[in-house]
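K.L.:
For reference, the file coords-v9.cif (mmCIF, C-alpha atoms) is included below:
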data_run
#
loop_
_atom_site.label_atom_id
_atom_site.label_comp_id
_atom_site.auth_asym_id
_atom_site.auth_seq_id
_atom_site.Cartn_x
_atom_site.Cartn_y
_atom_site.Cartn_z
CA MET A 1 0.00 0.00 0.00
CA THR A 2 1.37 3.41 -0.92
CA GLN A 3 1.35 5.75 2.03
CA HIS A 4 1.09 9.48 1.45
CA THR A 5 3.85 11.34 3.26
CA PRO A 6 2.72 14.82 4.25
CA ALA A 7 5.05 17.77 3.71
CA LEU A 8 6.48 19.37 6.83
CA THR A 9 4.52 22.50 5.95
CA ALA A 10 1.38 20.51 6.79
CA ASN A 11 2.18 21.72 10.28
CA ARG A 12 0.86 25.26 10.56
CA LEU A 13 3.62 26.50 12.87
CA LEU A 14 6.36 25.30 10.56
CA ASP A 15 4.43 26.60 7.57
CA HIS A 16 4.47 30.09 9.04
CA LEU A 17 8.22 30.19 9.63
CA PRO A 18 10.29 32.43 7.36
CA GLY A 19 12.77 30.51 5.20
CA GLU A 20 15.86 31.45 7.24
CA GLU A 21 14.38 30.29 10.53
CA LEU A 22 13.04 27.11 8.98
CA GLU A 23 16.54 26.42 7.64
CA PHE A 24 17.93 26.81 11.17
CA LEU A 25 15.66 24.00 12.34
CA ARG A 26 15.75 21.84 9.21
CA PRO A 27 19.00 19.93 9.95
CA HIS A 28 17.51 18.91 13.30
CA MET A 29 14.15 17.77 11.93
CA GLU A 30 13.29 14.11 11.78
CA GLN A 31 10.02 12.88 10.31
CA VAL A 32 8.63 10.06 12.47
CA HIS A 33 5.54 7.91 12.47
CA LEU A 34 3.61 7.90 15.74
CA SER A 35 1.36 5.02 16.74
CA HIS A 36 -1.78 5.28 18.83
CA GLY A 37 -0.91 5.21 22.52
CA ASP A 38 2.75 6.19 22.12
CA SER A 39 3.90 8.28 25.06
CA ILE A 40 5.15 11.74 24.05
CA ILE A 41 5.51 13.35 27.46
CA GLU A 42 5.62 11.54 30.81
CA PRO A 43 4.66 13.49 33.92
CA HIS A 44 7.61 14.92 35.83
CA VAL A 45 10.12 13.65 33.28
CA PRO A 46 12.33 16.19 31.48
CA ILE A 47 11.03 16.83 27.96
CA LYS A 48 13.73 15.91 25.45
CA ASP A 49 11.86 16.28 22.16
CA CYS A 50 9.24 18.54 20.63
CA TYR A 51 6.79 17.08 18.12
CA PHE A 52 5.13 19.04 15.32
CA PRO A 53 2.23 16.84 14.13
CA LEU A 54 1.64 16.64 10.38
CA ASN A 55 -1.43 14.42 10.37
CA SER A 56 -1.30 12.85 13.83
CA LEU A 57 -3.10 14.06 16.94
CA LEU A 58 -1.68 14.21 20.46
CA SER A 59 -3.73 14.42 23.64
CA MET A 60 -2.74 16.12 26.87
CA VAL A 61 -4.65 14.57 29.74
CA THR A 62 -5.12 15.16 33.42
CA THR A 63 -5.27 11.96 35.46
CA MET A 64 -6.80 11.74 38.91
CA GLU A 65 -5.77 9.48 41.80
CA ASP A 66 -8.62 7.06 41.03
CA GLY A 67 -7.25 6.59 37.50
CA SER A 68 -9.93 8.58 35.72
CA SER A 69 -8.65 10.90 33.00
CA VAL A 70 -9.92 13.87 31.05
CA GLU A 71 -8.36 15.49 28.03
CA CYS A 72 -7.32 19.05 28.72
CA GLY A 73 -5.97 19.81 25.27
CA SER A 74 -5.02 18.30 21.97
CA ILE A 75 -2.17 19.02 19.59
CA GLY A 76 -2.64 18.58 15.88
CA ARG A 77 -1.07 20.13 12.84
CA GLU A 78 -1.83 23.58 14.31
CA GLY A 79 0.70 23.13 17.10
CA MET A 80 3.56 21.35 18.81
CA SER A 81 4.25 19.43 21.99
CA GLY A 82 6.85 20.53 24.52
CA VAL A 83 5.70 24.04 25.37
CA PRO A 84 6.92 23.72 29.00
CA VAL A 85 10.48 23.75 27.61
CA LEU A 86 9.92 27.17 26.05
CA LEU A 87 8.61 28.44 29.38
CA ASP A 88 11.72 27.23 31.23
CA ALA A 89 9.64 24.64 33.11
CA GLY A 90 11.43 21.69 31.49
CA GLU A 91 8.73 19.18 32.45
CA THR A 92 5.04 19.06 33.29
CA THR A 93 2.45 17.24 35.36
CA MET A 94 0.30 16.33 32.34
CA PRO A 95 1.07 13.28 30.25
CA THR A 96 0.79 13.60 26.48
CA PHE A 97 0.18 10.59 24.27
CA VAL A 98 -0.66 9.87 20.66
CA GLN A 99 -4.41 9.83 20.17
CA VAL A 100 -4.54 9.46 16.39
CA ALA A 101 -1.66 7.71 14.64
CA GLY A 102 0.20 9.54 11.91
CA ASP A 103 3.36 11.46 11.12
CA ALA A 104 5.11 14.26 12.96
CA ILE A 105 8.34 16.22 12.81
CA ARG A 106 10.55 15.60 15.83
CA VAL A 107 13.10 18.19 16.92
CA LYS A 108 15.26 18.14 20.03
CA ALA A 109 13.66 20.35 22.67
CA ALA A 110 16.98 22.08 23.31
CA VAL A 111 17.15 23.09 19.63
CA VAL A 112 13.61 24.50 19.64
CA LYS A 113 14.38 26.36 22.86
CA LYS A 114 17.56 27.82 21.31
CA ALA A 115 15.62 28.95 18.24
CA TYR A 116 12.92 30.42 20.47
CA ASP A 117 15.45 32.35 22.53
CA ARG A 118 16.92 33.85 19.36
CA GLY A 119 13.66 35.76 19.02
CA GLY A 120 12.46 36.53 15.53
CA GLU A 121 9.33 35.21 13.88
CA LEU A 122 9.54 31.79 15.52
CA LYS A 123 9.20 33.30 18.96
CA LYS A 124 6.22 35.40 17.87
CA ILE A 125 4.52 32.39 16.29
CA LEU A 126 5.09 30.18 19.32
CA ASN A 127 3.93 32.95 21.69
CA ARG A 128 0.71 33.18 19.70
CA TYR A 129 0.38 29.43 19.79
CA MET A 130 0.78 29.40 23.57
CA HIS A 131 -1.95 32.01 23.77
CA THR A 132 -4.27 29.68 21.83
CA ILE A 133 -3.47 26.84 24.25
CA ILE A 134 -4.73 29.04 27.08
CA ILE A 135 -7.86 29.86 25.08
CA VAL A 136 -8.54 26.18 24.31
CA SER A 137 -7.96 25.16 27.92
CA SER A 138 -10.24 27.89 29.30
CA GLN A 139 -12.93 27.22 26.74
CA SER A 140 -12.78 23.47 27.34
CA THR A 141 -13.16 23.92 31.10
CA ALA A 142 -16.32 25.99 30.64
CA CYS A 143 -17.56 23.71 27.87
CA ASN A 144 -17.25 20.53 29.94
CA ARG A 145 -19.15 22.20 32.75
CA ILE A 146 -21.96 23.80 30.76
CA HIS A 147 -22.59 22.26 27.35
CA ARG A 148 -24.53 19.16 26.41
CA ILE A 149 -22.60 16.03 25.64
CA GLU A 150 -23.60 15.90 21.97
CA GLU A 151 -22.45 19.52 21.50
CA ARG A 152 -19.13 18.66 23.13
CA LEU A 153 -18.74 15.56 21.02
CA ALA A 154 -19.39 17.60 17.88
CA ARG A 155 -16.79 20.17 19.01
CA TRP A 156 -14.20 17.50 19.76
CA LEU A 157 -14.70 15.77 16.43
CA LEU A 158 -14.41 19.03 14.50
CA MET A 159 -11.28 20.14 16.37
CA SER A 160 -9.70 16.72 15.91
CA SER A 161 -10.64 16.68 12.25
CA ASP A 162 -8.93 20.06 11.86
CA GLY A 163 -5.97 18.72 13.81
CA VAL A 164 -5.37 15.74 11.54
CA GLY A 165 -6.49 17.47 8.34
CA SER A 166 -9.10 14.83 7.48
CA ASP A 167 -12.83 14.27 7.86
CA GLU A 168 -12.05 10.84 9.23
CA VAL A 169 -10.83 10.46 12.80
CA ASN A 170 -9.70 7.11 14.17
CA ILE A 171 -10.94 6.83 17.72
CA THR A 172 -12.91 4.37 19.82
CA HIS A 173 -15.82 5.12 22.16
CA GLU A 174 -13.57 4.29 25.08
CA TYR A 175 -11.12 7.05 24.19
CA LEU A 176 -13.86 9.48 23.24
CA ALA A 177 -15.23 9.03 26.75
CA ILE A 178 -11.81 9.83 28.22
CA MET A 179 -11.38 12.82 25.93
CA LEU A 180 -14.72 14.30 26.90
CA GLY A 181 -14.59 13.25 30.54
CA VAL A 182 -17.92 11.45 30.29
CA ARG A 183 -19.14 7.89 30.66
CA ARG A 184 -19.03 5.52 27.76
CA ALA A 185 -22.81 5.21 27.48
CA GLY A 186 -22.98 8.98 27.13
CA VAL A 187 -20.59 8.92 24.19
CA SER A 188 -22.49 6.05 22.55
CA GLU A 189 -25.80 7.87 22.84
CA ALA A 190 -24.38 11.21 21.72
CA ALA A 191 -22.79 9.48 18.70
CA ALA A 192 -26.10 7.74 18.02
CA LYS A 193 -27.87 11.08 18.03
CA LEU A 194 -25.36 12.66 15.62
CA GLN A 195 -25.54 9.60 13.39
CA GLU A 196 -29.35 9.66 13.35
CA LYS A 197 -29.06 13.17 11.96
CA ASP A 198 -26.61 11.95 9.29
CA LEU A 199 -23.87 14.25 10.60
CA ILE A 200 -21.37 11.48 11.26
CA ARG A 201 -20.89 7.82 10.46
CA TYR A 202 -19.35 5.72 13.18
CA TYR A 203 -17.92 2.33 12.48
CA ARG A 204 -15.72 0.48 14.94
CA GLY A 205 -12.91 2.81 15.85
CA ASN A 206 -13.55 5.34 13.08
CA VAL A 207 -15.69 8.45 12.92
CA LEU A 208 -16.38 9.99 9.52
CA ILE A 209 -17.78 13.50 9.45
CA SER A 210 -20.37 13.18 6.70
CA ASP A 211 -21.89 16.67 6.91
CA ARG A 212 -19.38 19.14 8.28
CA GLU A 213 -21.55 22.23 7.87
CA ARG A 214 -24.41 20.80 9.88
CA LEU A 215 -22.04 19.30 12.46
CA GLU A 216 -20.58 22.78 12.98
CA ALA A 217 -24.09 24.07 13.51
CA CYS A 218 -24.66 21.33 16.07
CA ALA A 219 -21.39 21.99 17.94
CA CYS A 220 -21.32 24.37 20.86
CA GLU A 221 -19.98 27.90 20.51
CA CYS A 222 -16.59 26.76 21.84
CA TYR A 223 -15.51 25.30 18.51
CA HIS A 224 -16.22 28.56 16.72
CA VAL A 225 -14.56 30.70 19.41
CA VAL A 226 -11.35 28.67 19.28
CA LYS A 227 -11.29 28.40 15.50
CA ALA A 228 -11.83 32.14 15.10
CA GLU A 229 -8.87 32.81 17.40
CA TYR A 230 -6.62 30.41 15.46
CA ASP A 231 -7.69 32.01 12.20
CA ARG A 232 -7.11 35.53 13.56
CA LEU A 233 -3.57 34.70 14.65
CA PHE A 234 -2.44 32.32 11.93
CA SER A 235 -4.28 33.14 8.74
CA MET B 1 -36.80 3.58 6.78
CA ASN B 2 -39.24 3.56 9.65
CA ASN B 3 -37.39 3.73 12.97
CA GLU B 4 -40.52 3.60 15.10
CA PRO B 5 -41.53 0.45 16.95
CA GLN B 6 -44.88 -0.81 15.67
CA ARG B 7 -46.51 -0.20 19.06
CA GLN B 8 -45.42 2.33 21.61
CA ALA B 9 -43.58 0.37 24.25
CA THR B 10 -42.76 1.95 27.59
CA ILE B 11 -39.19 1.85 28.84
CA PHE B 12 -38.38 2.41 32.50
CA LEU B 13 -35.00 4.10 32.40
CA VAL B 14 -32.76 4.31 35.46
CA GLU B 15 -29.87 6.60 34.56
CA GLU B 16 -27.64 8.09 37.24
CA ASP B 17 -25.35 10.11 35.01
CA ASP B 18 -26.48 13.70 34.49
CA ASP B 19 -24.59 14.00 31.18
CA THR B 20 -25.97 10.81 29.69
CA ARG B 21 -29.58 11.03 30.93
CA PRO B 22 -30.89 13.79 28.62
CA VAL B 23 -29.41 12.40 25.41
CA LEU B 24 -30.40 8.82 26.23
CA ARG B 25 -33.96 9.80 27.04
CA GLN B 26 -34.24 11.88 23.88
CA ASN B 27 -32.87 9.06 21.74
CA LEU B 28 -35.36 6.59 23.22
CA GLN B 29 -38.20 8.99 22.55
CA ASN B 30 -36.96 9.51 19.00
CA TYR B 31 -37.00 5.73 18.53
CA GLY B 32 -40.69 5.89 19.42
CA TYR B 33 -40.70 4.74 23.03
CA ARG B 34 -42.51 6.23 25.97
CA VAL B 35 -39.91 6.82 28.69
CA LEU B 36 -40.38 6.70 32.45
CA LEU B 37 -37.33 8.05 34.21
CA ALA B 38 -35.61 7.44 37.53
CA VAL B 39 -32.30 9.01 38.50
CA ASP B 40 -31.02 6.23 40.78
CA GLU B 41 -31.97 2.99 42.53
CA GLU B 42 -33.80 4.69 45.39
CA ASP B 43 -35.81 6.84 43.01
CA ALA B 44 -36.59 3.78 40.87
CA LEU B 45 -37.81 1.72 43.84
CA GLU B 46 -40.06 4.56 44.91
CA ARG B 47 -41.54 4.99 41.43
CA VAL B 48 -42.27 1.32 40.78
CA GLY B 49 -43.54 0.69 44.33
CA GLY B 50 -47.14 -0.43 44.51
CA GLY B 51 -47.12 -1.68 40.94
CA ILE B 52 -48.71 1.52 39.61
CA VAL B 53 -46.05 2.17 36.97
CA ARG B 54 -46.28 -0.22 34.03
CA ALA B 55 -43.27 -0.61 31.81
CA ASP B 56 -42.45 -3.09 29.05
CA LEU B 57 -38.71 -3.04 29.60
CA PHE B 58 -36.20 -1.87 32.22
CA LEU B 59 -33.05 -0.12 31.03
CA ILE B 60 -30.45 0.57 33.69
CA ASN B 61 -27.16 2.44 33.69
CA LEU B 62 -25.51 3.02 37.07
CA VAL B 63 -22.19 4.64 37.91
CA GLY B 64 -19.24 2.74 39.38
CA LYS B 65 -20.82 -0.73 39.55
CA THR B 66 -20.12 -3.98 37.76
CA PRO B 67 -22.74 -5.38 35.37
CA ALA B 68 -23.45 -8.16 37.91
CA GLU B 69 -24.16 -5.61 40.63
CA VAL B 70 -26.40 -3.57 38.33
CA LEU B 71 -28.25 -6.74 37.29
CA GLN B 72 -29.03 -7.46 40.94
CA ILE B 73 -30.28 -3.92 41.46
CA GLY B 74 -32.37 -4.13 38.28
CA ARG B 75 -33.95 -7.41 39.38
CA ARG B 76 -34.71 -5.88 42.77
CA ILE B 77 -36.46 -2.92 41.10
CA ARG B 78 -38.38 -5.25 38.80
CA GLU B 79 -39.53 -7.46 41.69
CA HIS B 80 -40.45 -4.44 43.80
CA GLY B 81 -42.75 -3.30 40.98
CA LYS B 82 -44.43 -6.74 41.02
CA TYR B 83 -43.23 -7.65 37.53
CA ASP B 84 -42.48 -11.22 36.60
CA GLY B 85 -39.04 -12.22 35.37
CA HIS B 86 -40.15 -12.09 31.73
CA THR B 87 -40.11 -8.31 31.58
CA PRO B 88 -36.79 -7.59 29.83
CA LEU B 89 -34.02 -6.01 31.84
CA VAL B 90 -31.13 -4.39 29.95
CA VAL B 91 -28.00 -3.25 31.78
CA ILE B 92 -25.61 -0.86 30.07
CA ALA B 93 -22.06 -1.89 31.06
CA GLU B 94 -19.61 0.83 32.01
CA LYS B 95 -16.09 -0.55 31.79
CA TYR B 96 -15.05 -3.41 29.52
CA GLY B 97 -12.35 -4.62 27.21
CA ALA B 98 -12.14 -4.53 23.44
CA ASP B 99 -13.23 -8.20 23.26
CA LEU B 100 -16.70 -7.28 24.55
CA GLU B 101 -17.19 -4.05 22.61
CA GLY B 102 -20.26 -4.13 20.41
CA THR B 103 -21.71 -7.29 21.99
CA ASN B 104 -24.96 -7.98 23.86
CA ALA B 105 -24.91 -10.79 26.43
CA ASN B 106 -28.10 -12.65 27.31
CA VAL B 107 -27.19 -13.49 30.90
CA ASP B 108 -30.43 -15.08 32.08
CA ASN B 109 -33.94 -15.47 30.69
CA ASN B 110 -34.77 -11.92 29.52
CA ASP B 111 -31.86 -10.21 31.29
CA TRP B 112 -29.22 -8.62 29.10
CA VAL B 113 -25.94 -6.77 29.44
CA THR B 114 -25.02 -4.53 26.52
CA TYR B 115 -21.43 -3.47 25.89
CA LEU B 116 -21.95 -0.44 23.69
CA GLU B 117 -19.70 0.45 20.79
CA GLU B 118 -21.83 1.00 17.67
CA PRO B 119 -24.31 3.91 17.79
CA ASP B 120 -27.21 1.73 16.60
CA GLN B 121 -26.49 -1.09 19.01
CA LEU B 122 -28.87 -0.11 21.80
CA LYS B 123 -31.62 0.86 19.37
CA ASN B 124 -31.42 -2.50 17.63
CA LEU B 125 -31.39 -4.49 20.88
CA LEU B 126 -34.38 -2.62 22.31
CA ARG B 127 -36.32 -2.99 19.10
CA ARG B 128 -35.66 -6.70 19.06
CA LEU B 129 -36.70 -7.17 22.70
CA THR B 130 -39.85 -5.05 22.46
CA SER B 131 -40.84 -6.77 19.21
CA GLU B 132 -40.48 -10.15 20.90
CA LEU B 133 -42.85 -9.02 23.64
CA TRP B 134 -45.65 -8.96 21.09
CA GLY B 135 -44.45 -11.95 19.12
CA GLU B 136 -43.64 -9.82 16.06
#
Show the structure stored in the file as structure tokens.
P.N.:
Amino acid sequence: MTQHTPALTANRLLDHLPGEELEFLRPHMEQVHLSHGDSIIEPHVPIKDCYFPLNSLLSMVTTMEDGSSVECGSIGREGMSGVPVLLDAGETTMPTFVQVAGDAIRVKAAVVKKAYDRGGELKKILNRYMHTIIIVSSQSTACNRIHRIEERLARWLLMSSDGVGSDEVNITHEYLAIMLGVRRAGVSEAAAKLQEKDLIRYYRGNVLISDRERLEACACECYHVVKAEYDRLFS
Amino acid sequence: MNNEPQRQATIFLVEEDDDTRPVLRQNLQNYGYRVLLAVDEEDALERVGGGIVRADLFLINLVGKTPAEVLQIGRRIREHGKYDGHTPLVVIAEKYGADLEGTNANVDNNDWVTYLEEPDQLKNLLRRLTSELWGE
């Protein structure tokens, strides 16, 4: 089977870099394939590499003492993992793992930090990206507290679809439940409702967005707020 | 395609989870069922007490319990409402492995445990069980 290899500019951050700054990073870039479940960041372990997803999706989760987990952010082709390094924190409490398999560009965290400290366009782009992480995190907190489960599911699917650059997202009910911080039955019934409306098609481990326009209409305001902020800063 | 059951069956739904309850109830109503709702075991026992409430099927989803525990609670609710053991009882499992995903287990007589994965799975199981009630 021929596998399409995405260009590194599939990542929006890399795509926005001026040629000279991209050339600074290029010798240190390594295109890697990430498999579902791969650990990207372990809690309280120094971050050695930054990943710029091309068509993969990473999830940052918060895990409680009883083992329950909720996603507090995702990283797709709009972003990168390893932000704590830029902020001189070096490590973090939140694990990050691969949610949707695919390709990414891996760069040593020390190299990204050096490029960031040089200033220039890279620093501005990454500062804007960090601002969007705060927006997503704040919006998600309010969303999980206030919005209905089917609205949240629609938001998550749209954001993930944007993140991997495809209308098809590979994910099981079990992981959707973790991502949304809800029980599995809730995800099943919310998916059933969206499928009844012909907005998505779910088949074991895959969700296909069949009517994006109507799914956007069904999603809560949070998707539109976050997307508008990304577009304002990166278009 | 007609999604409606041929007769309007009544489902007694016990759903503890505040997130799941509204969407589950709405889906059941959209499938054509009349839904009687209880938010937990205590509420369910109170509602079925005295045999006033008549339901064709019990559907139960409780937080933090194994399917076996929920089955026992469901049977207790059914007996308290003076139903016989033929009234179907469906338990929605909470945590399970990939080997069970998408399956429905007939654990005893008309008692079932469903391990949800496909969106149509619950709809199809309920339709089958309510159709069998009337020999359709």
K.L.:
Could the residues of chain A within 7 Å of chain B, counting all atoms listed in the file, be given as a PDB file with C-alpha atoms, keeping the file's coordinate frame, please?
P.N.:
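Result file follows (selection.pdb):
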ATOM      1  CA  ILE A 149     -22.600  16.030  25.640  1.00  0.00           C
ATOM      2  CA  HIS A 173     -15.820   5.120  22.160  1.00  0.00           C
ATOM      3  CA  ARG A 184     -19.030   5.520  27.760  1.00  0.00           C
ATOM      4  CA  ALA A 185     -22.810   5.210  27.480  1.00  0.00           C
ATOM      5  CA  GLY A 186     -22.980   8.980  27.130  1.00  0.00           C
ATOM      6  CA  SER A 188     -22.490   6.050  22.550  1.00  0.00           C
ATOM      7  CA  GLU A 189     -25.800   7.870  22.840  1.00  0.00           C
ATOM      8  CA  ALA A 190     -24.380  11.210  21.720  1.00  0.00           C
ATOM      9  CA  ALA A 191     -22.790   9.480  18.700  1.00  0.00           C
ATOM     10  CA  ALA A 192     -26.100   7.740  18.020  1.00  0.00           C
ATOM     11  CA  LYS A 193     -27.870  11.080  18.030  1.00  0.00           C
ATOM     12  CA  TYR A 202     -19.350   5.720  13.180  1.00  0.00           C
ATOM     13  CA  TYR A 203     -17.920   2.330  12.480  1.00  0.00           C
ATOM     14  CA  ARG A 204     -15.720   0.480  14.940  1.00  0.00           C
TER      15      ARG A 204
END
K.L.:
Evaluate the PyMOL selection byres ((chain A and resi 141) around 12) here and jot the selected residues down as a PyMOL selection string.
P.N.:
chain A and resi 70-73+134-140+142-147+152+180-181+222
K.L.:
Quick one: residues within 12 Å of (2.9, 8.8, 12.2) (file frame), counting all atoms listed in the file, please, as a VMD selection string.
P.N.:
chain A and resid 3 to 6 30 to 38 51 to 58 76 98 to 106 164
K.L.:
Those selected residues, please, written with C-alpha atoms and delivered as a compact mmCIF listing (two decimals), keeping the file's coordinate frame.
P.N.:
# COMPACT_ATOMS: atom_id res chain seq x y z
CA GLN A 3 1.35 5.75 2.03
CA HIS A 4 1.09 9.48 1.45
CA THR A 5 3.85 11.34 3.26
CA PRO A 6 2.72 14.82 4.25
CA GLU A 30 13.29 14.11 11.78
CA GLN A 31 10.02 12.88 10.31
CA VAL A 32 8.63 10.06 12.47
CA HIS A 33 5.54 7.91 12.47
CA LEU A 34 3.61 7.90 15.74
CA SER A 35 1.36 5.02 16.74
CA HIS A 36 -1.78 5.28 18.83
CA GLY A 37 -0.91 5.21 22.52
CA ASP A 38 2.75 6.19 22.12
CA TYR A 51 6.79 17.08 18.12
CA PHE A 52 5.13 19.04 15.32
CA PRO A 53 2.23 16.84 14.13
CA LEU A 54 1.64 16.64 10.38
CA ASN A 55 -1.43 14.42 10.37
CA SER A 56 -1.30 12.85 13.83
CA LEU A 57 -3.10 14.06 16.94
CA LEU A 58 -1.68 14.21 20.46
CA GLY A 76 -2.64 18.58 15.88
CA VAL A 98 -0.66 9.87 20.66
CA GLN A 99 -4.41 9.83 20.17
CA VAL A 100 -4.54 9.46 16.39
CA ALA A 101 -1.66 7.71 14.64
CA GLY A 102 0.20 9.54 11.91
CA ASP A 103 3.36 11.46 11.12
CA ALA A 104 5.11 14.26 12.96
CA ILE A 105 8.34 16.22 12.81
CA ARG A 106 10.55 15.60 15.83
CA VAL A 164 -5.37 15.74 11.54
K.L.:
Between CA of Met130 (chain A) and CA of Val61 (chain A), what is the distance, to one decimal in Å?
P.N.:
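Interatomic distance here is 17.0 Å.
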K.L.:
Select, from A:Glu229, A:Gly90, A:Lys113, A:Asp162, the residue with the minimum atom-to-atom distance to Asn11 (chain A), counting all atoms listed in the file.
P.N.:
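The answer is A:Asp162, which sits nearest to Asn11 (chain A).
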K.L.:
Between CA of Glu69 (chain B) and CA of Gly205 (chain A), measure the distance and give it in Å to one decimal.
P.N.:
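According to the coordinates, CA of Glu69 (chain B) and CA of Gly205 (chain A) are separated by 28.5 Å.
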K.L.:
Translate the PyMOL selection byres ((chain B and resi 44) around 10), as applied to the file shown, into an explicit residue set as a list in words.
P.N.:
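Listing what the PyMOL selection byres ((chain B and resi 44) around 10) selects in the shown file: Phe12, Leu13, Val14, Glu15, Leu36, Leu37, Ala38, Val39, Asp40, Glu41, Glu42, Asp43, Leu45, Glu46, Arg47, Val48, Gly49, Ile60, Ile73, Gly74, Ile77, Arg78, His80 and Gly81 of chain B.
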K.L.:
Ala217 (chain A): which residues within 12 Å, counting all atoms listed in the file, same-chain residues fewer than 4 positions away excluded, as an MDAnalysis selection string?
P.N.:
chainID A and resid 150:151 154:155 158 194 199 211:213 221:224
K.L.:
Would you kindly return, as an MDAnalysis selection string, each protein, DNA or RNA residue with an atom no farther than 7 Å from any atom of Val107 (chain A), considering all atoms listed in the file and excluding same-chain residues fewer than 3 positions away?
P.N.:
chainID A and resid 28:30 49:51 111:112
K.L.:
To test your reading of the syntax: which residues would the PyMOL selection byres ((chain A and resi 64) around 12) return for the file shown? Reply as a PyMOL selection string.
P.N.:
chain A and resi 61-63+65-71+93-95+178+181
K.L.:
In Å, how far is it from CA of Pro18 (chain A) to CA of Leu122 (chain A)?
P.N.:
8.2 Å
K.L.:
Taking all atoms listed in the file into account, which of B:Val53, B:Val70, B:Leu125, B:Ile11 comes nearest Thr103 (chain B)?
P.N.:
B:Leu125
K.L.:
Need the shell around Lys48 (chain A): protein/DNA/RNA residues with any atom at most 10 Å away, counting all atoms listed in the file. Skip same-chain ones fewer than 5 positions apart. Format as a list in words?
P.N.:
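The neighbour list is Ile40, Ile41, Gly82, Val85, Gly90, Glu91, Val107, Lys108, Ala109, Ala110 and Val111 of chain A.
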K.L.:
Could the residues in this selection be saved with C-alpha atoms as an mmCIF file, in the coordinates of the input?
P.N.:
data_model
loop_
_atom_site.group_PDB
_atom_site.id
_atom_site.type_symbol
_atom_site.label_atom_id
_atom_site.label_comp_id
_atom_site.auth_asym_id
_atom_site.auth_seq_id
_atom_site.Cartn_x
_atom_site.Cartn_y
_atom_site.Cartn_z
ATOM 1 C CA ILE A 40 5.150 11.740 24.050
ATOM 2 C CA ILE A 41 5.510 13.350 27.460
ATOM 3 C CA GLY A 82 6.850 20.530 24.520
ATOM 4 C CA VAL A 85 10.480 23.750 27.610
ATOM 5 C CA GLY A 90 11.430 21.690 31.490
ATOM 6 C CA GLU A 91 8.730 19.180 32.450
ATOM 7 C CA VAL A 107 13.100 18.190 16.920
ATOM 8 C CA LYS A 108 15.260 18.140 20.030
ATOM 9 C CA ALA A 109 13.660 20.350 22.670
ATOM 10 C CA ALA A 110 16.980 22.080 23.310
ATOM 11 C CA VAL A 111 17.150 23.090 19.630
#
